[in-house]
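Source file: structure_20.cif; contents: mmCIF, C-alpha atoms.
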```
data_work
loop_
_atom_site.group_PDB
_atom_site.id
_atom_site.type_symbol
_atom_site.label_atom_id
_atom_site.label_comp_id
_atom_site.auth_asym_id
_atom_site.auth_seq_id
_atom_site.Cartn_x
_atom_site.Cartn_y
_atom_site.Cartn_z
ATOM 1 C CA MET A 1 -64.350 -76.416 -44.470
ATOM 2 C CA LYS A 2 -62.556 -75.009 -41.428
ATOM 3 C CA TYR A 3 -61.578 -78.525 -40.366
ATOM 4 C CA LEU A 4 -60.241 -79.273 -43.866
ATOM 5 C CA PHE A 5 -58.157 -76.087 -43.868
ATOM 6 C CA PHE A 6 -56.797 -76.885 -40.407
ATOM 7 C CA SER A 7 -55.889 -80.418 -41.493
ATOM 8 C CA ILE A 8 -54.041 -79.159 -44.587
ATOM 9 C CA ALA A 9 -52.149 -76.575 -42.527
ATOM 10 C CA LEU A 10 -51.248 -79.189 -39.928
ATOM 11 C CA MET A 11 -49.982 -81.562 -42.617
ATOM 12 C CA ALA A 12 -47.835 -78.765 -44.104
ATOM 13 C CA CYS A 13 -46.323 -77.965 -40.704
ATOM 14 C CA CYS A 14 -45.586 -81.635 -40.052
ATOM 15 C CA SER A 15 -43.988 -81.932 -43.496
ATOM 16 C CA ILE A 16 -41.638 -79.036 -42.747
ATOM 17 C CA ALA A 17 -40.830 -80.329 -39.273
ATOM 18 C CA ASN A 18 -40.069 -83.845 -40.516
ATOM 19 C CA ALA A 19 -37.851 -82.760 -43.421
ATOM 20 C CA GLN A 20 -34.165 -83.300 -42.726
ATOM 21 C CA LEU A 21 -32.225 -80.198 -41.774
ATOM 22 C CA LYS A 22 -29.331 -79.526 -44.149
ATOM 23 C CA THR A 23 -26.534 -76.957 -44.265
ATOM 24 C CA TYR A 24 -25.450 -74.811 -47.195
ATOM 25 C CA SER A 25 -22.097 -73.028 -47.209
ATOM 26 C CA GLY A 26 -20.935 -71.403 -50.416
ATOM 27 C CA PRO A 27 -21.430 -68.575 -52.949
ATOM 28 C CA PHE A 28 -24.490 -66.404 -52.369
ATOM 29 C CA LYS A 29 -25.901 -63.208 -53.890
ATOM 30 C CA VAL A 30 -27.680 -60.397 -52.071
ATOM 31 C CA ALA A 31 -29.498 -57.541 -53.772
ATOM 32 C CA VAL A 32 -28.238 -54.035 -53.141
ATOM 33 C CA ASN A 33 -29.941 -51.941 -55.803
ATOM 34 C CA ARG A 34 -33.667 -51.869 -56.450
ATOM 35 C CA ALA A 35 -33.349 -49.699 -59.550
ATOM 36 C CA ASN A 36 -31.304 -51.989 -61.787
ATOM 37 C CA GLY A 37 -31.255 -55.273 -59.909
ATOM 38 C CA SER A 38 -27.494 -55.332 -59.321
ATOM 39 C CA ASP A 39 -26.258 -57.507 -56.503
ATOM 40 C CA ARG A 40 -23.204 -58.483 -54.472
ATOM 41 C CA THR A 41 -21.707 -61.950 -54.311
ATOM 42 C CA GLY A 42 -20.193 -63.376 -51.161
ATOM 43 C CA LYS A 43 -20.367 -66.470 -49.018
ATOM 44 C CA ALA A 44 -23.394 -67.552 -47.017
ATOM 45 C CA THR A 45 -23.870 -70.289 -44.475
ATOM 46 C CA TYR A 46 -27.362 -71.330 -43.464
ATOM 47 C CA THR A 47 -29.487 -74.323 -42.560
ATOM 48 C CA TYR A 48 -32.573 -75.319 -44.506
ATOM 49 C CA ARG A 49 -35.112 -78.011 -45.182
ATOM 50 C CA GLU A 50 -35.947 -79.400 -48.610
ATOM 51 C CA ILE A 51 -39.738 -79.131 -49.038
ATOM 52 C CA ASP A 52 -41.230 -80.147 -52.404
ATOM 53 C CA ASP A 53 -37.908 -79.464 -54.136
ATOM 54 C CA GLU A 54 -37.692 -75.983 -52.601
ATOM 55 C CA ARG A 55 -35.306 -74.766 -49.944
ATOM 56 C CA VAL A 56 -36.973 -73.421 -46.824
ATOM 57 C CA LYS A 57 -34.397 -71.646 -44.681
ATOM 58 C CA ASP A 58 -34.632 -72.676 -41.048
ATOM 59 C CA GLY A 59 -32.002 -71.725 -38.479
ATOM 60 C CA LYS A 60 -28.973 -69.461 -38.346
ATOM 61 C CA PHE A 61 -27.959 -67.405 -41.386
ATOM 62 C CA SER A 62 -24.717 -65.545 -42.072
ATOM 63 C CA PHE A 63 -23.335 -63.756 -45.118
ATOM 64 C CA THR A 64 -20.020 -62.034 -45.828
ATOM 65 C CA THR A 65 -18.608 -60.542 -48.991
ATOM 66 C CA ASP A 66 -15.111 -61.293 -50.187
ATOM 67 C CA GLU A 67 -14.694 -57.701 -51.343
ATOM 68 C CA MET A 68 -12.093 -56.199 -49.018
ATOM 69 C CA MET A 69 -12.865 -52.643 -50.140
ATOM 70 C CA GLN A 70 -16.625 -52.863 -49.538
ATOM 71 C CA PRO A 71 -17.283 -55.522 -46.903
ATOM 72 C CA ILE A 72 -20.818 -56.576 -46.001
ATOM 73 C CA THR A 73 -21.746 -58.856 -43.118
ATOM 74 C CA ILE A 74 -25.269 -60.074 -42.382
ATOM 75 C CA THR A 75 -26.295 -62.279 -39.464
ATOM 76 C CA GLY A 76 -29.741 -63.487 -38.555
ATOM 77 C CA GLU A 77 -32.060 -66.431 -38.292
ATOM 78 C CA PHE A 78 -34.937 -67.973 -40.209
ATOM 79 C CA LYS A 79 -37.888 -70.002 -39.007
ATOM 80 C CA ASN A 80 -39.842 -71.924 -41.634
ATOM 81 C CA GLY A 81 -38.565 -69.561 -44.321
ATOM 82 C CA GLU A 82 -39.345 -66.315 -42.474
ATOM 83 C CA LYS A 83 -36.864 -63.990 -40.782
ATOM 84 C CA THR A 84 -37.050 -64.244 -37.017
ATOM 85 C CA GLY A 85 -35.118 -63.051 -33.984
ATOM 86 C CA HIS A 86 -32.245 -60.591 -34.103
ATOM 87 C CA TRP A 87 -30.749 -59.471 -37.424
ATOM 88 C CA LYS A 88 -27.721 -57.252 -37.985
ATOM 89 C CA ILE A 89 -26.174 -55.851 -41.151
ATOM 90 C CA VAL A 90 -22.842 -54.033 -41.269
ATOM 91 C CA THR A 91 -21.518 -52.384 -44.425
ATOM 92 C CA GLN A 92 -18.535 -50.200 -45.153
ATOM 93 C CA GLY A 93 -18.115 -48.186 -48.320
ATOM 94 C CA ARG A 94 -14.875 -47.883 -50.230
ATOM 95 C CA ALA A 95 -12.728 -45.137 -48.711
ATOM 96 C CA ASN A 96 -11.134 -42.160 -50.476
ATOM 97 C CA THR A 97 -13.833 -41.786 -53.111
ATOM 98 C CA TYR A 98 -16.458 -39.058 -53.122
ATOM 99 C CA GLN A 99 -20.048 -39.579 -52.102
ATOM 100 C CA ASN A 100 -21.993 -37.098 -50.029
ATOM 101 C CA MET A 101 -23.199 -38.716 -46.808
ATOM 102 C CA MET A 102 -26.142 -36.334 -46.607
ATOM 103 C CA TYR A 103 -27.204 -37.402 -50.095
ATOM 104 C CA SER A 104 -27.061 -41.017 -49.022
ATOM 105 C CA LEU A 105 -29.578 -40.243 -46.275
ATOM 106 C CA ASP A 106 -31.885 -38.467 -48.732
ATOM 107 C CA THR A 107 -32.588 -41.320 -51.148
ATOM 108 C CA ASN A 108 -34.339 -44.650 -50.943
ATOM 109 C CA CYS A 109 -33.926 -45.765 -54.545
ATOM 110 C CA SER A 110 -30.856 -47.856 -53.860
ATOM 111 C CA ALA A 111 -29.473 -49.818 -50.959
ATOM 112 C CA ILE A 112 -26.032 -48.975 -52.338
ATOM 113 C CA ASN A 113 -26.670 -45.273 -51.719
ATOM 114 C CA VAL A 114 -28.224 -45.802 -48.309
ATOM 115 C CA LEU A 115 -26.201 -48.646 -46.791
ATOM 116 C CA ILE A 116 -22.968 -48.618 -48.765
ATOM 117 C CA THR A 117 -21.846 -45.010 -48.688
ATOM 118 C CA ASN A 118 -18.264 -44.258 -49.641
ATOM 119 C CA GLY A 119 -15.980 -44.068 -46.619
ATOM 120 C CA VAL A 120 -18.893 -44.678 -44.229
ATOM 121 C CA LYS A 121 -19.621 -47.579 -41.888
ATOM 122 C CA THR A 122 -23.319 -48.433 -41.579
ATOM 123 C CA ILE A 123 -24.950 -50.619 -38.950
ATOM 124 C CA MET A 124 -28.629 -51.590 -38.915
ATOM 125 C CA GLU A 125 -30.096 -54.076 -36.474
ATOM 126 C CA GLY A 126 -33.295 -55.190 -34.805
ATOM 127 C CA ASN A 127 -35.738 -58.060 -34.441
ATOM 128 C CA TYR A 128 -38.176 -59.866 -36.692
ATOM 129 C CA ILE A 129 -41.300 -61.856 -35.953
ATOM 130 C CA ASP A 130 -42.769 -63.880 -38.822
ATOM 131 C CA GLY A 131 -40.688 -61.982 -41.369
ATOM 132 C CA LEU A 132 -41.742 -58.502 -40.224
ATOM 133 C CA ARG A 133 -39.681 -55.929 -38.352
ATOM 134 C CA THR A 134 -40.888 -55.739 -34.763
ATOM 135 C CA GLY A 135 -39.864 -53.698 -31.720
ATOM 136 C CA LYS A 136 -36.945 -51.284 -31.513
ATOM 137 C CA TRP A 137 -34.461 -51.017 -34.377
ATOM 138 C CA SER A 138 -31.298 -48.914 -34.656
ATOM 139 C CA PHE A 139 -29.632 -47.454 -37.732
ATOM 140 C CA SER A 140 -26.271 -45.646 -37.648
ATOM 141 C CA LYS A 141 -23.788 -44.265 -40.160
ATOM 142 C CA THR A 142 -20.310 -42.996 -39.295
ATOM 143 C CA ASP A 143 -17.848 -41.346 -41.643
ATOM 144 C CA LEU A 144 -14.619 -43.075 -40.652
ATOM 145 C CA LYS A 145 -12.489 -40.174 -41.818
ATOM 146 C CA THR A 146 -14.329 -37.125 -40.472
ATOM 147 C CA GLY A 147 -16.448 -38.566 -37.653
ATOM 148 C CA THR A 148 -19.656 -37.148 -39.125
ATOM 149 C CA SER A 149 -22.505 -39.339 -37.914
ATOM 150 C CA TYR A 150 -26.157 -40.214 -38.337
ATOM 151 C CA LYS A 151 -28.000 -42.142 -35.634
ATOM 152 C CA SER A 152 -31.616 -43.179 -35.557
ATOM 153 C CA GLU A 153 -33.922 -45.401 -33.545
ATOM 154 C CA ALA A 154 -37.355 -46.503 -34.693
ATOM 155 C CA THR A 155 -39.979 -48.871 -33.375
ATOM 156 C CA PHE A 156 -41.958 -51.242 -35.586
ATOM 157 C CA LYS A 157 -45.140 -53.264 -35.331
ATOM 158 C CA ASP A 158 -46.131 -55.757 -38.029
ATOM 159 C CA GLY A 159 -43.417 -54.354 -40.293
ATOM 160 C CA LYS A 160 -44.621 -50.733 -40.102
ATOM 161 C CA PHE A 161 -43.442 -47.781 -38.049
ATOM 162 C CA TYR A 162 -45.123 -47.720 -34.642
ATOM 163 C CA GLY A 163 -44.243 -45.752 -31.527
ATOM 164 C CA SER A 164 -41.361 -43.329 -31.035
ATOM 165 C CA PHE A 165 -38.842 -42.194 -33.627
ATOM 166 C CA VAL A 166 -35.624 -40.222 -33.133
ATOM 167 C CA GLY A 167 -32.877 -39.304 -35.562
ATOM 168 C CA THR A 168 -29.769 -37.105 -35.336
ATOM 169 C CA TYR A 169 -27.147 -35.967 -37.827
ATOM 170 C CA HIS A 170 -23.921 -34.287 -36.724
ATOM 171 C CA VAL A 171 -21.074 -32.903 -38.824
ATOM 172 C CA ALA A 172 -17.882 -33.379 -36.826
ATOM 173 C CA LYS A 173 -15.562 -31.458 -39.137
ATOM 174 C CA MET A 174 -16.820 -28.410 -40.998
ATOM 175 C CA SER A 175 -15.519 -27.635 -44.491
ATOM 176 C CA GLY A 176 -16.332 -25.301 -47.334
ATOM 177 C CA ASP A 177 -18.953 -27.560 -48.916
ATOM 178 C CA ILE A 178 -20.860 -28.247 -45.674
ATOM 179 C CA ILE A 179 -24.195 -26.414 -45.479
ATOM 180 C CA TYR A 180 -25.821 -28.009 -42.451
ATOM 181 C CA LYS A 181 -24.057 -28.789 -39.184
ATOM 182 C CA ASP A 182 -26.667 -30.486 -37.005
ATOM 183 C CA ILE A 183 -30.114 -32.007 -37.516
ATOM 184 C CA SER A 184 -32.450 -33.722 -35.069
ATOM 185 C CA VAL A 185 -35.927 -35.163 -35.588
ATOM 186 C CA THR A 186 -38.354 -36.599 -33.047
ATOM 187 C CA GLY A 187 -41.871 -37.925 -33.482
ATOM 188 C CA LYS A 188 -44.160 -40.884 -33.060
ATOM 189 C CA PHE A 189 -46.318 -43.227 -35.110
ATOM 190 C CA VAL A 190 -49.586 -44.944 -34.354
ATOM 191 C CA GLU A 191 -51.034 -48.217 -35.655
ATOM 192 C CA GLY A 192 -50.559 -48.757 -39.386
ATOM 193 C CA GLY A 193 -47.438 -46.599 -39.835
ATOM 194 C CA LEU A 194 -49.311 -43.307 -39.385
ATOM 195 C CA PRO A 195 -47.397 -40.285 -38.012
ATOM 196 C CA ASP A 196 -49.268 -38.749 -35.090
ATOM 197 C CA SER A 197 -49.140 -35.837 -32.650
ATOM 198 C CA ILE A 198 -46.293 -33.293 -32.819
ATOM 199 C CA TRP A 199 -43.151 -33.959 -34.839
ATOM 200 C CA LYS A 200 -40.166 -31.663 -34.294
ATOM 201 C CA ALA A 201 -37.149 -31.035 -36.490
ATOM 202 C CA LYS A 202 -34.245 -28.793 -35.539
ATOM 203 C CA TRP A 203 -31.288 -28.003 -37.735
ATOM 204 C CA LYS A 204 -28.362 -25.635 -37.667
ATOM 205 C CA THR A 205 -26.743 -24.155 -40.767
ATOM 206 C CA ALA A 206 -23.009 -23.750 -41.228
ATOM 207 C CA ASP A 207 -23.242 -20.115 -40.109
ATOM 208 C CA GLY A 208 -24.812 -21.174 -36.797
ATOM 209 C CA ILE A 209 -28.426 -20.160 -37.474
ATOM 210 C CA GLU A 210 -30.860 -22.670 -35.994
ATOM 211 C CA TYR A 211 -34.364 -23.465 -37.236
ATOM 212 C CA LEU A 212 -37.281 -25.377 -35.750
ATOM 213 C CA THR A 213 -40.094 -27.052 -37.646
ATOM 214 C CA LYS A 214 -43.204 -28.401 -35.926
ATOM 215 C CA LEU A 215 -45.497 -30.738 -37.839
ATOM 216 C CA THR A 216 -48.740 -31.788 -36.190
ATOM 217 C CA PHE A 217 -50.548 -34.942 -37.339
ATOM 218 C CA ASN A 218 -53.798 -36.658 -36.501
ATOM 219 C CA LYS A 219 -53.314 -40.329 -37.407
ATOM 220 C CA GLY A 220 -51.475 -39.594 -40.646
ATOM 221 C CA LYS A 221 -53.394 -36.451 -41.541
ATOM 222 C CA ALA A 222 -51.209 -33.317 -41.514
ATOM 223 C CA VAL A 223 -52.933 -30.706 -39.318
ATOM 224 C CA SER A 224 -50.408 -27.860 -39.034
ATOM 225 C CA PHE A 225 -46.930 -26.852 -40.160
ATOM 226 C CA LYS A 226 -44.799 -24.157 -38.511
ATOM 227 C CA VAL A 227 -41.213 -23.070 -39.156
ATOM 228 C CA THR A 228 -39.342 -20.748 -36.803
ATOM 229 C CA ASP A 229 -35.990 -18.984 -37.120
ATOM 230 C CA LEU A 230 -34.626 -19.507 -33.602
ATOM 231 C CA SER A 231 -32.111 -16.671 -33.961
ATOM 232 C CA THR A 232 -34.876 -14.065 -34.350
ATOM 233 C CA GLY A 233 -37.988 -15.913 -33.224
ATOM 234 C CA GLU A 234 -39.581 -15.125 -36.582
ATOM 235 C CA ASP A 235 -42.343 -17.392 -37.875
ATOM 236 C CA LEU A 236 -41.358 -18.369 -41.424
ATOM 237 C CA SER A 237 -44.359 -20.554 -42.164
ATOM 238 C CA LYS A 238 -46.038 -18.132 -44.540
ATOM 239 C CA ASN A 239 -42.928 -17.670 -46.641
ATOM 240 C CA ILE A 240 -40.695 -20.663 -46.003
ATOM 241 C CA ASN A 241 -38.188 -19.598 -48.664
ATOM 242 C CA ASN A 242 -36.993 -16.974 -46.179
ATOM 243 C CA ALA A 243 -35.311 -19.777 -44.276
ATOM 244 C CA GLY A 244 -32.635 -19.715 -46.953
ATOM 245 C CA ASN A 245 -32.220 -23.461 -47.324
ATOM 246 C CA ASP A 246 -33.655 -26.312 -49.336
ATOM 247 C CA PHE A 247 -34.618 -28.382 -46.294
ATOM 248 C CA LEU A 248 -38.046 -26.779 -46.511
ATOM 249 C CA GLU A 249 -38.676 -27.827 -50.093
ATOM 250 C CA HIS A 250 -41.723 -30.017 -50.512
ATOM 251 C CA ASN A 251 -41.825 -31.261 -54.074
ATOM 252 C CA PRO A 252 -41.789 -34.447 -56.161
ATOM 253 C CA ARG A 253 -38.027 -34.229 -56.758
ATOM 254 C CA ASN A 254 -37.491 -35.589 -53.278
ATOM 255 C CA MET A 255 -37.949 -39.313 -52.730
ATOM 256 C CA ASN A 256 -40.849 -40.375 -50.521
ATOM 257 C CA VAL A 257 -40.750 -42.829 -47.655
ATOM 258 C CA GLY A 258 -42.515 -45.851 -49.071
ATOM 259 C CA LYS A 259 -45.343 -45.078 -51.489
ATOM 260 C CA GLY A 260 -47.856 -44.501 -48.742
ATOM 261 C CA ILE A 261 -51.218 -42.938 -49.494
ATOM 262 C CA ARG A 262 -51.640 -41.375 -52.920
ATOM 263 C CA SER A 263 -53.636 -38.198 -53.345
ATOM 264 C CA ASP A 264 -54.631 -36.459 -56.567
ATOM 265 C CA SER A 265 -52.807 -39.187 -58.524
ATOM 266 C CA ARG A 266 -49.433 -38.296 -57.067
ATOM 267 C CA ALA A 267 -47.308 -39.555 -54.218
ATOM 268 C CA VAL A 268 -47.368 -37.378 -51.135
ATOM 269 C CA TYR A 269 -44.074 -36.598 -49.454
ATOM 270 C CA PHE A 270 -42.844 -36.040 -45.944
ATOM 271 C CA PRO A 271 -41.184 -32.568 -46.068
ATOM 272 C CA MET A 272 -37.512 -32.046 -45.362
ATOM 273 C CA PRO A 273 -35.694 -32.474 -43.029
ATOM 274 C CA PHE A 274 -38.055 -35.183 -41.723
ATOM 275 C CA GLN A 275 -37.778 -36.945 -45.050
ATOM 276 C CA MET A 276 -33.999 -37.083 -44.946
ATOM 277 C CA MET A 277 -33.980 -38.696 -41.522
ATOM 278 C CA LEU A 278 -36.564 -41.321 -42.443
ATOM 279 C CA THR A 279 -35.784 -42.457 -45.981
ATOM 280 C CA GLY A 280 -32.935 -44.789 -45.069
ATOM 281 C CA TRP A 281 -35.419 -46.975 -43.217
ATOM 282 C CA SER A 282 -37.264 -47.833 -46.424
ATOM 283 C CA VAL A 283 -34.469 -50.001 -47.856
ATOM 284 C CA ASP A 284 -34.436 -53.738 -47.362
ATOM 285 C CA GLU A 285 -32.476 -53.916 -44.134
ATOM 286 C CA SER A 286 -31.144 -57.395 -44.814
ATOM 287 C CA LEU A 287 -30.312 -56.886 -48.523
ATOM 288 C CA LEU A 288 -31.876 -60.258 -49.263
ATOM 289 C CA THR A 289 -34.521 -59.017 -51.710
ATOM 290 C CA ILE A 290 -34.258 -56.659 -54.650
ATOM 291 C CA ASP A 291 -37.530 -54.778 -54.237
ATOM 292 C CA ARG A 292 -39.676 -53.953 -51.235
ATOM 293 C CA ASP A 293 -42.050 -51.504 -52.937
ATOM 294 C CA ASP A 294 -44.967 -53.518 -51.601
ATOM 295 C CA MET A 295 -43.715 -53.117 -48.032
ATOM 296 C CA LYS A 296 -45.132 -49.706 -47.189
ATOM 297 C CA ILE A 297 -43.825 -48.780 -43.760
ATOM 298 C CA LEU A 298 -45.163 -45.219 -43.561
ATOM 299 C CA PHE A 299 -48.452 -43.651 -44.639
ATOM 300 C CA LEU A 300 -49.108 -39.931 -44.914
ATOM 301 C CA ASP A 301 -52.026 -37.764 -46.061
ATOM 302 C CA TRP A 302 -50.653 -34.291 -46.713
ATOM 303 C CA ASN A 303 -53.985 -32.760 -47.820
#
```
With the file now loaded, output its structure as structure tokens.
Amino acid sequence: MKYLFFSIALMACCSIANAQLKTYSGPFKVAVNRANGSDRTGKATYTYREIDDERVKDGKFSFTTDEMMQPITITGEFKNGEKTGHWKIVTQGRANTYQNMMYSLDTNCSAINVLITNGVKTIMEGNYIDGLRTGKWSFSKTDLKTGTSYKSEATFKDGKFYGSFVGTYHVAKMSGDIIYKDISVTGKFVEGGLPDSIWKAKWKTADGIEYLTKLTFNKGKAVSFKVTDLSTGEDLSKNINNAGNDFLEHNPRNMNVGKGIRSDSRAVYFPMPFQMMLTGWSVDESLLTIDRDDMKILFLDWN
């Protein structure tokens, strides 16, 4: 039986290798919204092989939109139909229209909200092996008008978070509707997308008060949670509402990062501000599929 399986697999590989390589250059759609299936049309150029009347992408891939107000560029490579090597996506939202950049970091229901934020340039890039994100990836957003920025680096293994994570958010120009000036999050994951050890989040409100949250995990299991007002040194863990901001809310209104582990028939959520800094990573980074609900990149047991 093993020999039969090996022979079939070998024949399939030979079939792909022997098929003539062709080039497509023309109209192409990419998905940008998981919720309603909307997409963007542009031009793609890629090489492929025709296998049993199906196209199997193999070689360089590039995509650009012809929308001057909301350009998207995607570059990468396929090998036997799977993403491989370095991929990069650059998007830029339409300027002079309102959309809160902080909100765009705090939702994973739509790639439009996460990657195509009004007036903001977004860059995400990293490597694939066999269609799965692998190694270090970077994700940045810059408001071209104000200079407000979000920068994050994450490491992946087999398509799931693994290793160190860091994220920062900085408001360059304060205004009346700005509540939070600076945020930073650091932590690490172990095998299987499980947060582990001590995670730290610092943030500063518009009035200059700084807070620190420490979350301790043991392979995805939350062990302890502490919040400190760094202006007074007061421990706010027993009554987190004293912190005076909604970053400490932990409720189902906030989107989770992937579906992860379910407990008591409900999704469990990474608390803010950790959640805000992580959710952008749950979108399809290449915009080539509509839904990646089955690609759980983070797992968390809050109980």
_Can you tell me which residues surround A:Tyr48 at a distance of at most 6 Å, considering all atoms listed in the file, apart from same-chain residues fewer than 4 positions away, and format the answer as a PyMOL selection string?_
chain A and resi 21-22+56-58
*Report the residues retrieved by the PyMOL selection byres ((chain A and resi 213) around 7) from the displayed file, expressed as a list of chain:residue names.*
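Answer for the PyMOL selection byres ((chain A and resi 213) around 7): A:Lys200, A:Ala201, A:Lys202, A:Tyr211, A:Leu212, A:Lys214, A:Leu215, A:Lys226, A:Val227, A:Thr228.
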*Taking (-31.2, -46.0, -35.6) in the file's own coordinates, collect the residues within 6 Å, counting only C-alpha atoms, and hand them back as number ranges by chain.*
A: 138-140, 151-153
*Tell me which of A:Phe28, A:Thr45, A:Thr117, A:Ile129 sits closest to A:Asn80, counting all atoms listed in the file.*
A:Ile129
_Just the number, please: distance in Å from atom CA of A:Gly93 to atom CA of A:Ile116, one decimal._
4.9 Å
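Atom CA of A:Phe78 to atom CA of A:Arg55 spans 11.9 Å [interatomic distance, one decimal].
Separating atom CA of A:Gly119 from atom CA of A:Met101 is a distance of 9.0 Å.
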_Just checking: using only C-alpha atoms, which residue out of A:Asp106, A:Glu54, A:Ser62, A:Ile290 ends up closest to A:Gly26?_
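Ranking A:Asp106, A:Glu54, A:Ser62, A:Ile290 by distance to A:Gly26, first place goes to A:Ser62.
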*Could you spell out the hits of the PyMOL selection byres ((chain A and resi 199) around 12) on the shown file, as a VMD selection string?*
chain A and resid 164 to 167 184 to 189 195 to 198 200 to 202 212 to 218 220 222 to 227 270 to 271 273 to 275
*Would you kindly translate the PyMOL selection byres ((chain A and resi 30) around 6) into the concrete residues it picks from this file, as a ChimeraX atom specification?*
/A:29,31,39-40,287-288
_I'd like to know which of A:Ala19, A:Ala111, A:Ile51, A:Val90 is closest to A:Ile123, using all atoms listed in the file._
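Of A:Ala19, A:Ala111, A:Ile51, A:Val90, the one nearest A:Ile123, counting all atoms listed in the file, is A:Val90.
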What are the centre and the three edge lengths of an axis-aligned box that wraps all atoms of stretch 48-59 of chain A in the file, given that 8 Å is added to every side, written as lines of an AutoDock Vina configuration file and rounded to one decimal in Å?
```
center_x = -36.6
center_y = -75.9
center_z = -46.3
size_x = 25.2
size_y = 24.5
size_z = 31.7
```
_A:Asp143 environment, 10 Å, only C-alpha atoms, sequence neighbours closer than 5 positions dropped, as an MDAnalysis selection string_ = chainID A and resid 92:93 95 101 117:122 148:150 171:172
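Residue nearest A:Ser104, chosen from A:Lys141, A:His86, A:Asp53, A:Trp203 and counting only C-alpha atoms: A:Lys141.
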*Using all atoms listed in the file, which of the listed residues (A:Thr64, A:Thr155, A:Thr232, A:Thr84) sits closest to A:Leu298?*
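Closest to A:Leu298 of all the choices is A:Thr155.
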